[in-house]
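> For reference, this is model16.cif, and it has mmCIF, C-alpha atoms.
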```cif
data_final
loop_
_atom_site.group_PDB
_atom_site.id
_atom_site.type_symbol
_atom_site.label_atom_id
_atom_site.label_comp_id
_atom_site.auth_asym_id
_atom_site.auth_seq_id
_atom_site.Cartn_x
_atom_site.Cartn_y
_atom_site.Cartn_z
ATOM 1 C CA MET A 573 89.089 74.891 122.426
ATOM 2 C CA ARG A 574 91.898 76.431 120.428
ATOM 3 C CA GLU A 575 94.709 77.788 122.559
ATOM 4 C CA ARG A 576 95.933 81.305 121.912
ATOM 5 C CA LEU A 577 99.253 82.627 123.094
ATOM 6 C CA ALA A 578 98.754 85.484 125.564
ATOM 7 C CA CYS A 579 100.926 88.358 124.405
ATOM 8 C CA ALA A 580 100.712 92.107 124.045
ATOM 9 C CA PRO A 581 100.500 93.544 120.508
ATOM 10 C CA THR A 582 103.937 93.728 118.955
ATOM 11 C CA TYR A 583 103.303 95.419 115.599
ATOM 12 C CA ARG A 584 99.870 97.056 115.584
ATOM 13 C CA ASP A 585 100.903 100.356 117.167
ATOM 14 C CA ARG A 586 104.359 100.606 115.632
ATOM 15 C CA LEU A 587 105.377 102.899 112.787
ATOM 16 C CA ASN A 588 107.065 101.970 109.505
ATOM 17 C CA VAL A 589 106.602 98.200 109.845
ATOM 18 C CA VAL A 590 108.015 96.571 106.691
ATOM 19 C CA PRO A 591 108.665 92.807 106.801
ATOM 20 C CA LEU A 592 112.143 92.015 105.459
ATOM 21 C CA PRO A 593 112.857 89.708 103.856
ATOM 22 C CA TYR A 594 109.326 89.726 102.519
ATOM 23 C CA ARG A 595 109.270 85.948 102.060
ATOM 24 C CA GLY A 596 107.746 86.067 105.546
ATOM 25 C CA VAL A 597 104.560 87.539 104.035
ATOM 26 C CA SER A 598 101.959 85.026 102.874
ATOM 27 C CA VAL A 599 99.063 86.045 100.626
ATOM 28 C CA GLN A 600 95.947 83.928 101.192
ATOM 29 C CA PRO A 601 92.358 83.981 99.928
ATOM 30 C CA TYR A 602 89.708 84.447 102.595
ATOM 31 C CA ALA A 603 85.948 84.196 102.171
ATOM 32 C CA GLY A 604 84.883 84.983 105.731
ATOM 33 C CA ASP A 605 83.807 88.083 107.592
ATOM 34 C CA MET A 606 86.420 90.840 107.477
ATOM 35 C CA ALA A 607 86.104 91.572 111.200
ATOM 36 C CA GLU A 608 88.869 91.126 113.751
ATOM 37 C CA ALA A 609 87.170 88.398 115.792
ATOM 38 C CA ALA A 610 86.302 86.402 112.672
ATOM 39 C CA ILE A 611 89.850 86.661 111.303
ATOM 40 C CA VAL A 612 91.393 85.599 114.604
ATOM 41 C CA GLY A 613 89.013 82.658 114.840
ATOM 42 C CA HIS A 614 89.788 81.669 111.256
ATOM 43 C CA LEU A 615 93.561 81.618 111.702
ATOM 44 C CA LEU A 616 94.058 80.252 115.218
ATOM 45 C CA GLY A 617 95.134 76.631 115.074
ATOM 46 C CA ARG A 618 95.657 76.580 111.295
ATOM 47 C CA GLU A 619 98.987 75.432 109.949
ATOM 48 C CA ALA A 620 101.538 78.039 108.911
ATOM 49 C CA TYR A 621 104.859 77.614 107.135
ATOM 50 C CA ARG A 622 107.718 78.217 109.536
ATOM 51 C CA ARG A 623 108.851 81.356 107.679
ATOM 52 C CA THR A 624 105.389 82.938 107.644
ATOM 53 C CA GLU A 625 105.165 85.855 110.065
ATOM 54 C CA PHE A 626 102.516 87.958 108.330
ATOM 55 C CA ILE A 627 99.458 87.146 106.239
ATOM 56 C CA VAL A 628 97.670 89.358 103.748
ATOM 57 C CA LEU A 629 94.103 88.076 103.542
ATOM 58 C CA CYS A 630 92.314 88.712 100.244
ATOM 59 C CA GLY A 631 88.609 88.742 100.893
ATOM 60 C CA PRO A 632 85.428 89.396 98.925
ATOM 61 C CA ASP A 633 85.196 92.530 96.758
ATOM 62 C CA SER A 634 88.998 92.904 96.750
ATOM 63 C CA ARG A 635 88.977 93.783 100.445
ATOM 64 C CA ARG A 636 92.196 93.026 102.293
ATOM 65 C CA ALA A 637 93.462 92.677 105.833
ATOM 66 C CA VAL A 638 96.943 92.312 107.292
ATOM 67 C CA VAL A 639 97.749 90.148 110.305
ATOM 68 C CA ALA A 640 100.834 89.019 112.205
ATOM 69 C CA VAL A 641 100.964 85.400 113.325
ATOM 70 C CA SER A 642 103.117 83.518 115.810
ATOM 71 C CA ALA A 643 103.735 79.852 116.560
ATOM 72 C CA ARG A 644 105.092 78.098 119.606
ATOM 73 C CA ASP A 645 107.715 76.194 117.618
ATOM 74 C CA ARG A 646 109.220 77.404 114.346
ATOM 75 C CA ALA A 647 111.516 74.412 113.872
ATOM 76 C CA PRO A 648 109.053 72.118 111.997
ATOM 77 C CA LEU A 649 108.227 72.926 108.398
ATOM 78 C CA PHE A 650 104.638 73.696 109.451
ATOM 79 C CA SER A 651 103.291 74.555 112.890
ATOM 80 C CA PRO A 652 99.879 75.587 114.226
ATOM 81 C CA ILE A 653 99.259 79.302 114.597
ATOM 82 C CA MET A 654 99.018 80.131 118.287
ATOM 83 C CA GLY A 655 98.945 83.918 118.210
ATOM 84 C CA VAL A 656 97.167 86.360 115.874
ATOM 85 C CA GLU A 657 97.445 90.129 115.823
ATOM 86 C CA VAL A 658 95.331 92.071 113.334
ATOM 87 C CA LEU A 659 97.310 95.033 112.033
ATOM 88 C CA GLY A 660 94.866 96.379 109.494
ATOM 89 C CA LEU A 661 91.295 95.731 108.343
ATOM 90 C CA PRO A 662 89.839 96.742 104.964
ATOM 91 C CA GLU A 663 88.917 100.185 106.290
ATOM 92 C CA THR A 664 92.588 101.025 106.865
ATOM 93 C CA CYS A 665 94.319 98.923 104.191
ATOM 94 C CA VAL A 666 95.106 100.335 100.754
ATOM 95 C CA TYR A 667 96.145 97.949 97.977
ATOM 96 C CA VAL A 668 98.294 99.250 95.117
ATOM 97 C CA ARG A 669 99.716 97.355 92.175
ATOM 98 C CA ASP A 670 102.902 99.012 90.948
ATOM 99 C CA PRO A 671 105.322 96.824 88.922
ATOM 100 C CA GLU A 672 108.091 99.416 89.339
ATOM 101 C CA THR A 673 108.180 99.291 93.151
ATOM 102 C CA ASP A 674 110.736 97.063 94.890
ATOM 103 C CA CYS A 675 108.837 95.374 97.710
ATOM 104 C CA GLY A 676 112.130 94.763 99.515
ATOM 105 C CA ASN A 677 112.901 98.470 99.819
ATOM 106 C CA ARG A 678 111.445 100.434 102.726
ATOM 107 C CA SER A 679 111.950 103.816 101.085
ATOM 108 C CA ALA A 680 110.293 102.665 97.860
ATOM 109 C CA LEU A 681 107.237 101.488 99.793
ATOM 110 C CA ALA A 682 107.163 104.738 101.791
ATOM 111 C CA ARG A 683 107.320 106.790 98.599
ATOM 112 C CA LEU A 684 104.446 104.791 97.120
ATOM 113 C CA ALA A 685 102.419 105.267 100.305
ATOM 114 C CA LEU A 686 103.002 109.021 100.079
ATOM 115 C CA GLU A 687 101.892 109.071 96.441
ATOM 116 C CA HIS A 688 98.630 107.355 97.403
ATOM 117 C CA ASN A 689 97.987 109.439 100.539
ATOM 118 C CA VAL A 690 98.473 106.500 102.889
ATOM 119 C CA GLY A 691 99.380 108.082 106.206
ATOM 120 C CA ALA A 692 100.549 106.851 109.585
ATOM 121 C CA ASP A 693 97.090 105.598 110.546
ATOM 122 C CA ARG A 694 96.829 103.143 107.628
ATOM 123 C CA THR A 695 98.585 100.258 105.885
ATOM 124 C CA LEU A 696 99.779 100.133 102.275
ATOM 125 C CA ILE A 697 99.796 96.709 100.606
ATOM 126 C CA CYS A 698 101.906 96.678 97.457
ATOM 127 C CA GLU A 699 102.033 94.162 94.632
ATOM 128 C CA GLY A 700 105.269 95.276 93.084
ATOM 129 C CA LYS A 701 108.170 94.002 90.996
ATOM 130 C CA PHE A 702 108.000 90.333 89.990
ATOM 131 C CA ASP A 703 104.384 90.275 91.261
ATOM 132 C CA HIS A 704 105.711 90.048 94.814
ATOM 133 C CA VAL A 705 103.684 91.410 97.718
ATOM 134 C CA ASN A 706 104.718 93.310 100.820
ATOM 135 C CA PHE A 707 103.325 96.092 102.977
ATOM 136 C CA ILE A 708 104.277 99.116 105.031
ATOM 137 C CA HIS A 709 102.217 99.516 108.177
ATOM 138 C CA HIS A 710 101.718 103.000 109.632
ATOM 139 C CA PRO A 711 104.158 104.738 107.253
ATOM 140 C CA ARG A 712 105.848 107.803 108.646
ATOM 141 C CA PRO A 713 109.061 108.140 106.622
ATOM 142 C CA LEU A 714 111.818 110.640 107.186
ATOM 143 C CA MET A 715 111.102 113.549 104.841
ATOM 144 C CA LEU A 716 114.625 114.590 103.904
ATOM 145 C CA ARG A 717 115.455 117.940 102.335
ATOM 146 C CA VAL A 718 118.346 117.657 99.866
ATOM 147 C CA VAL A 719 119.770 121.140 99.249
ATOM 148 C CA GLU A 720 121.814 121.090 96.057
ATOM 149 C CA VAL A 721 123.124 123.328 93.283
ATOM 150 C CA THR A 722 121.984 122.910 89.684
ATOM 151 C CA PRO A 723 123.295 122.457 87.094
ATOM 152 C CA PRO A 724 124.249 119.649 86.666
ATOM 153 C CA GLU A 725 120.949 117.857 86.175
ATOM 154 C CA PRO A 726 120.093 115.744 88.056
ATOM 155 C CA PRO A 727 121.945 117.389 90.960
ATOM 156 C CA LYS A 728 124.721 115.064 92.061
ATOM 157 C CA LEU A 729 123.928 114.806 95.784
ATOM 158 C CA PHE A 730 120.240 114.190 95.110
ATOM 159 C CA ASP A 731 121.191 111.425 92.685
ATOM 160 C CA LEU A 732 123.583 109.897 95.243
ATOM 161 C CA VAL A 733 120.861 109.927 97.906
ATOM 162 C CA ARG A 734 118.388 108.190 95.605
ATOM 163 C CA HIS A 735 121.024 105.634 94.636
ATOM 164 C CA VAL A 736 121.835 104.810 98.265
ATOM 165 C CA LEU A 737 118.141 104.457 99.097
ATOM 166 C CA SER A 738 117.767 101.936 96.265
ATOM 167 C CA TYR A 739 120.015 99.385 98.014
ATOM 168 C CA ALA A 740 120.914 100.328 101.596
ATOM 169 C CA ASP A 741 119.245 98.763 104.638
ATOM 170 C CA LEU A 742 117.842 101.994 106.041
ATOM 171 C CA PRO A 743 114.571 103.153 107.599
ATOM 172 C CA PRO A 744 112.106 104.632 105.086
ATOM 173 C CA ILE A 745 113.333 107.971 103.728
ATOM 174 C CA VAL A 746 111.706 110.183 101.097
ATOM 175 C CA PRO A 747 114.144 112.740 99.616
ATOM 176 C CA ILE A 748 112.836 116.160 98.578
ATOM 177 C CA LEU A 749 115.045 118.221 96.302
ATOM 178 C CA GLU A 750 115.559 121.847 97.251
ATOM 179 C CA ARG A 751 117.265 123.396 94.244
ATOM 180 C CA ILE A 752 119.740 126.229 94.221
ATOM 181 C CA GLU A 753 119.531 127.378 90.602
ATOM 182 C CA LEU A 754 122.678 129.167 89.475
ATOM 183 C CA THR A 755 120.679 130.989 86.818
ATOM 184 C CA SER A 756 118.445 132.384 89.567
ATOM 185 C CA LEU A 757 121.428 133.458 91.664
ATOM 186 C CA VAL A 758 122.794 135.626 88.849
ATOM 187 C CA ARG A 759 119.476 137.123 87.769
ATOM 188 C CA GLY A 760 119.829 140.903 87.630
ATOM 189 C CA GLU A 761 123.651 140.786 87.674
ATOM 190 C CA THR A 762 125.443 142.455 84.743
ATOM 191 C CA PRO A 763 129.199 141.900 85.146
ATOM 192 C CA ALA A 764 131.702 142.012 82.313
ATOM 193 C CA ALA A 765 132.247 138.252 82.835
ATOM 194 C CA PHE A 766 131.516 135.410 85.241
ATOM 195 C CA LEU A 767 134.037 133.095 86.890
ATOM 196 C CA VAL A 768 132.552 129.734 87.914
ATOM 197 C CA PRO A 769 134.247 126.853 89.777
ATOM 198 C CA CYS A 770 134.246 124.383 86.861
ATOM 199 C CA ARG A 771 132.621 123.444 83.586
ATOM 200 C CA SER A 772 129.062 122.132 83.815
ATOM 201 C CA GLY A 773 126.293 121.775 81.280
ATOM 202 C CA GLY A 774 123.603 124.408 81.583
ATOM 203 C CA LEU A 775 125.886 127.396 82.209
ATOM 204 C CA ASP A 776 126.002 128.528 78.604
ATOM 205 C CA ASP A 777 123.562 131.402 78.925
ATOM 206 C CA LEU A 778 124.347 133.527 81.951
ATOM 207 C CA GLY A 779 124.328 136.743 79.961
ATOM 208 C CA ALA A 780 128.106 137.310 80.032
ATOM 209 C CA PRO A 781 131.320 135.487 79.053
ATOM 210 C CA ILE A 782 132.201 132.579 81.379
ATOM 211 C CA HIS A 783 135.621 131.576 82.725
ATOM 212 C CA TYR A 784 136.440 128.480 84.764
ATOM 213 C CA LEU A 785 138.364 128.743 88.009
ATOM 214 C CA ASP A 786 139.654 125.159 87.922
ATOM 215 C CA GLU A 787 141.320 125.920 84.575
ATOM 216 C CA ARG A 788 143.177 128.863 86.169
ATOM 217 C CA PRO A 789 142.684 131.487 83.463
ATOM 218 C CA PRO A 790 146.050 133.140 82.765
ATOM 219 C CA ALA A 791 144.709 136.678 82.718
ATOM 220 C CA ARG A 792 142.793 138.271 85.575
ATOM 221 C CA GLU A 793 139.539 139.577 84.087
ATOM 222 C CA ALA A 794 136.950 141.955 85.510
ATOM 223 C CA TRP A 795 134.724 139.049 86.454
ATOM 224 C CA THR A 796 132.246 138.261 89.193
ATOM 225 C CA LEU A 797 132.888 134.974 90.956
ATOM 226 C CA ILE A 798 129.994 132.569 91.404
ATOM 227 C CA GLY A 799 131.425 130.454 94.192
ATOM 228 C CA CYS A 800 131.854 129.584 97.844
ATOM 229 C CA GLU A 801 134.555 130.320 100.413
ATOM 230 C CA ARG A 802 136.815 127.625 98.951
ATOM 231 C CA SER A 803 136.551 129.167 95.490
ATOM 232 C CA LEU A 804 137.459 132.505 97.023
ATOM 233 C CA GLN A 805 140.532 130.922 98.635
ATOM 234 C CA PHE A 806 141.592 129.586 95.234
ATOM 235 C CA HIS A 807 141.126 133.028 93.695
ATOM 236 C CA ARG A 808 143.278 134.678 96.366
ATOM 237 C CA HIS A 809 146.000 132.102 95.713
ATOM 238 C CA TYR A 810 145.863 132.500 91.925
ATOM 239 C CA TYR A 811 145.410 136.254 91.618
ATOM 240 C CA GLY A 812 146.128 137.760 95.029
ATOM 241 C CA ASP A 813 142.784 139.519 95.446
ATOM 242 C CA GLU A 814 139.055 139.048 96.017
ATOM 243 C CA PRO A 815 136.575 139.677 93.185
ATOM 244 C CA PRO A 816 132.886 140.539 93.578
ATOM 245 C CA ARG A 817 131.205 137.280 94.528
ATOM 246 C CA ILE A 818 127.776 135.598 94.355
ATOM 247 C CA GLU A 819 127.452 133.034 97.140
ATOM 248 C CA MET A 820 126.566 129.501 95.985
ATOM 249 C CA CYS A 821 127.431 127.411 99.054
ATOM 250 C CA PRO A 822 124.443 125.199 99.978
ATOM 251 C CA ARG A 823 125.394 125.364 103.663
ATOM 252 C CA VAL A 824 125.368 129.162 103.706
ATOM 253 C CA ILE A 825 122.227 129.504 101.599
ATOM 254 C CA ALA A 826 120.292 126.837 103.543
ATOM 255 C CA GLY A 827 121.084 128.396 106.915
ATOM 256 C CA GLY A 828 119.910 126.782 110.154
ATOM 257 C CA ARG A 829 117.352 124.033 109.707
ATOM 258 C CA SER A 830 114.788 122.465 112.006
ATOM 259 C CA GLU A 831 113.893 119.754 109.486
ATOM 260 C CA PRO A 832 116.207 116.859 108.444
ATOM 261 C CA THR A 833 118.508 118.155 105.708
ATOM 262 C CA ILE A 834 121.544 116.943 103.798
ATOM 263 C CA LEU A 835 123.837 119.189 101.773
ATOM 264 C CA LYS A 836 127.405 119.560 100.529
ATOM 265 C CA CYS A 837 130.202 121.917 101.542
ATOM 266 C CA CYS A 838 133.611 122.357 99.906
ATOM 267 C CA LEU A 839 135.244 123.228 103.245
ATOM 268 C CA LEU A 840 134.793 119.587 104.302
ATOM 269 C CA GLU A 841 137.249 117.236 102.653
ATOM 270 C CA PHE A 842 137.392 113.867 104.401
ATOM 271 C CA ASP A 843 134.398 113.351 106.670
ATOM 272 C CA ILE A 844 130.786 114.230 107.343
ATOM 273 C CA GLU A 845 129.639 116.740 109.928
ATOM 274 C CA ARG A 846 126.392 117.208 111.827
ATOM 275 C CA ASP A 847 124.888 120.592 112.677
ATOM 276 C CA GLY A 848 121.565 120.048 114.445
ATOM 277 C CA GLU A 849 119.189 118.481 111.930
ATOM 278 C CA THR A 850 121.603 119.060 109.050
ATOM 279 C CA LEU A 851 124.188 116.540 107.812
ATOM 280 C CA ILE A 852 126.965 118.056 105.742
ATOM 281 C CA VAL A 853 129.046 115.958 103.375
ATOM 282 C CA PRO A 854 132.113 116.978 101.328
ATOM 283 C CA TRP A 855 131.580 118.221 97.780
ATOM 284 C CA GLY A 856 133.216 115.020 96.532
ATOM 285 C CA ALA A 857 131.174 112.702 98.757
ATOM 286 C CA ASP A 858 130.817 109.078 97.638
ATOM 287 C CA LEU A 859 128.046 106.549 98.206
ATOM 288 C CA PRO A 860 129.379 105.103 101.498
ATOM 289 C CA MET A 861 129.732 108.613 102.923
ATOM 290 C CA VAL A 862 126.172 109.523 101.911
ATOM 291 C CA GLU A 863 124.904 106.266 103.422
ATOM 292 C CA ARG A 864 126.576 107.137 106.734
ATOM 293 C CA ALA A 865 124.907 110.532 106.684
ATOM 294 C CA LEU A 866 121.469 109.037 105.973
ATOM 295 C CA ARG A 867 121.934 106.484 108.734
ATOM 296 C CA ALA A 868 122.827 109.218 111.222
ATOM 297 C CA LEU A 869 119.766 111.274 110.271
ATOM 298 C CA SER A 870 117.363 108.330 110.502
ATOM 299 C CA GLN A 871 118.545 106.605 113.688
ATOM 300 C CA HIS A 872 115.441 107.681 115.600
ATOM 301 C CA LEU A 873 113.227 105.903 113.061
ATOM 302 C CA GLU A 874 114.955 102.588 113.741
ATOM 303 C CA ALA A 875 113.882 102.849 117.380
ATOM 304 C CA GLN A 876 110.241 103.430 116.362
ATOM 305 C CA SER A 877 109.873 100.683 113.773
#
```
Starting from the coordinates I provided, produce the structure as structure tokens.

Amino acid sequence: MRERLACAPTYRDRLNVVPLPYRGVSVQPYAGDMAEAAIVGHLLGREAYRRTEFIVLCGPDSRRAVVAVSARDRAPLFSPIMGVEVLGLPETCVYVRDPETDCGNRSALARLALEHNVGADRTLICEGKFDHVNFIHHPRPLMLRVVEVTPPEPPKLFDLVRHVLSYADLPPIVPILERIELTSLVRGETPAAFLVPCRSGGLDDLGAPIHYLDERPPAREAWTLIGCERSLQFHRHYYGDEPPRIEMCPRVIAGGRSEPTILKCCLLEFDIERDGETLIVPWGADLPMVERALRALSQHLEAQS
């Protein structure tokens, strides 16, 4: 009689399970019954490569199942499978072929799961870049609001977040852009001129002449400032007064948040700051700073996965 290791489930009830590196995922054909007992009976005692921790079984009619396997000794090149845990059967597994998805990226897999309506009660199996295969079991990514001013396009902070998520070892995060459109902020305003913090494409048609604060115009005009508190400080220093102003600070406009949010603020210069569920980074934040902010916001996911 085949011996089975007695152990409690280790993956089945967990969220956001993504094997990394995904060389630990083996894809194998399977012609048997796609029921838990049959799968366990099929795998127990069979040889497994010492790096194989998960198996995607490809059964009849393109049906798939995902299992975790364990062995008593991982030192030999091959060892008999002594423990089997079925994570997902065909009823809860969704297979997607997407050559653009990096199977080694948790956030990319989470985004794909969201696109295909694979929720936290199911498992997404992805055949992605280079024809490699991986899965995300019970996906429940961090849905992150990115509050950012446009133009420019794409908004800088949103682009930085996406860039970090393309390489950083982070729990699955799906960024959602929440735009602050400068053209919307000035709608209905009819000043003689606008003063904006700096030059940026897309500000050519605000309905009035445009001046640029960072260029320190020599003559004080009858303008309305589109800017934040820091821009106002600059204006006081340059011209000794305060003009009419349209607020554009993401922190002020976003207000208090109950959902995970990241945004920029000019009043921060050297470090990030947390305010409840909001992480604030300086206007000139770089990739390492954004990665720190994302890690701080997603720490609770690491404990769940």
> On this structure, which residues satisfy the PyMOL selection byres ((chain A and resi 609-615) around 12), written as a PyMOL selection string?
chain A and resi 573-577+600-608+616-620+626-631+636-643+652-662
> Measuring between all atoms listed in the file, which one of A:Glu663, A:Glu720, A:Glu625, A:Asp786 shows the shortest distance to Met820 of chain A?
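When distances to Met820 of chain A are compared using all atoms listed in the file, the smallest one comes from A:Glu720.
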> Looking at A:Arg683, A:Arg788, A:Arg717, A:Arg646, which one is nearest to Arg829 of chain A, with distances taken over only C-alpha atoms?
A:Arg717
> Mind running segment 802-851 of chain A against segment 738-758 of chain A at 10 Å and telling me each contacting residue's nearest atom pair with the distance in Å (one decimal), counting only C-alpha atoms, chain and number ascending, as CSV?

```
residue,atom,partner,partner_atom,distance
A:Ile818,CA,A:Leu757,CA,7.2
A:Glu819,CA,A:Leu757,CA,8.2
A:Met820,CA,A:Leu754,CA,7.6
A:Cys821,CA,A:Ile752,CA,9.2
A:Pro822,CA,A:Ile752,CA,7.5
A:Ile825,CA,A:Ile752,CA,8.4
A:Ala826,CA,A:Glu750,CA,9.3
A:Pro832,CA,A:Pro747,CA,10.0
A:Thr833,CA,A:Pro747,CA,9.2
A:Ile834,CA,A:Pro747,CA,9.5
A:Leu835,CA,A:Glu750,CA,9.8
```
> Can you work out which one of A:Arg823, A:Gln871, A:Val705, A:Thr796 has the shortest atom-to-atom distance to Ile852 of chain A, counting only C-alpha atoms?
A:Arg823
> Could you please determine the separation between atom CA of Pro860 of chain A and atom CA of Glu831 of chain A in Å, to one decimal place?
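Pair atom CA of Pro860 of chain A / atom CA of Glu831 of chain A returns 22.8 Å.
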> Could you check how far atom CA of Gly691 of chain A sits from atom CA of Gly848 of chain A, in Å to one decimal?
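Computing the Euclidean distance for atom CA of Gly691 of chain A and atom CA of Gly848 of chain A yields 26.5 Å.
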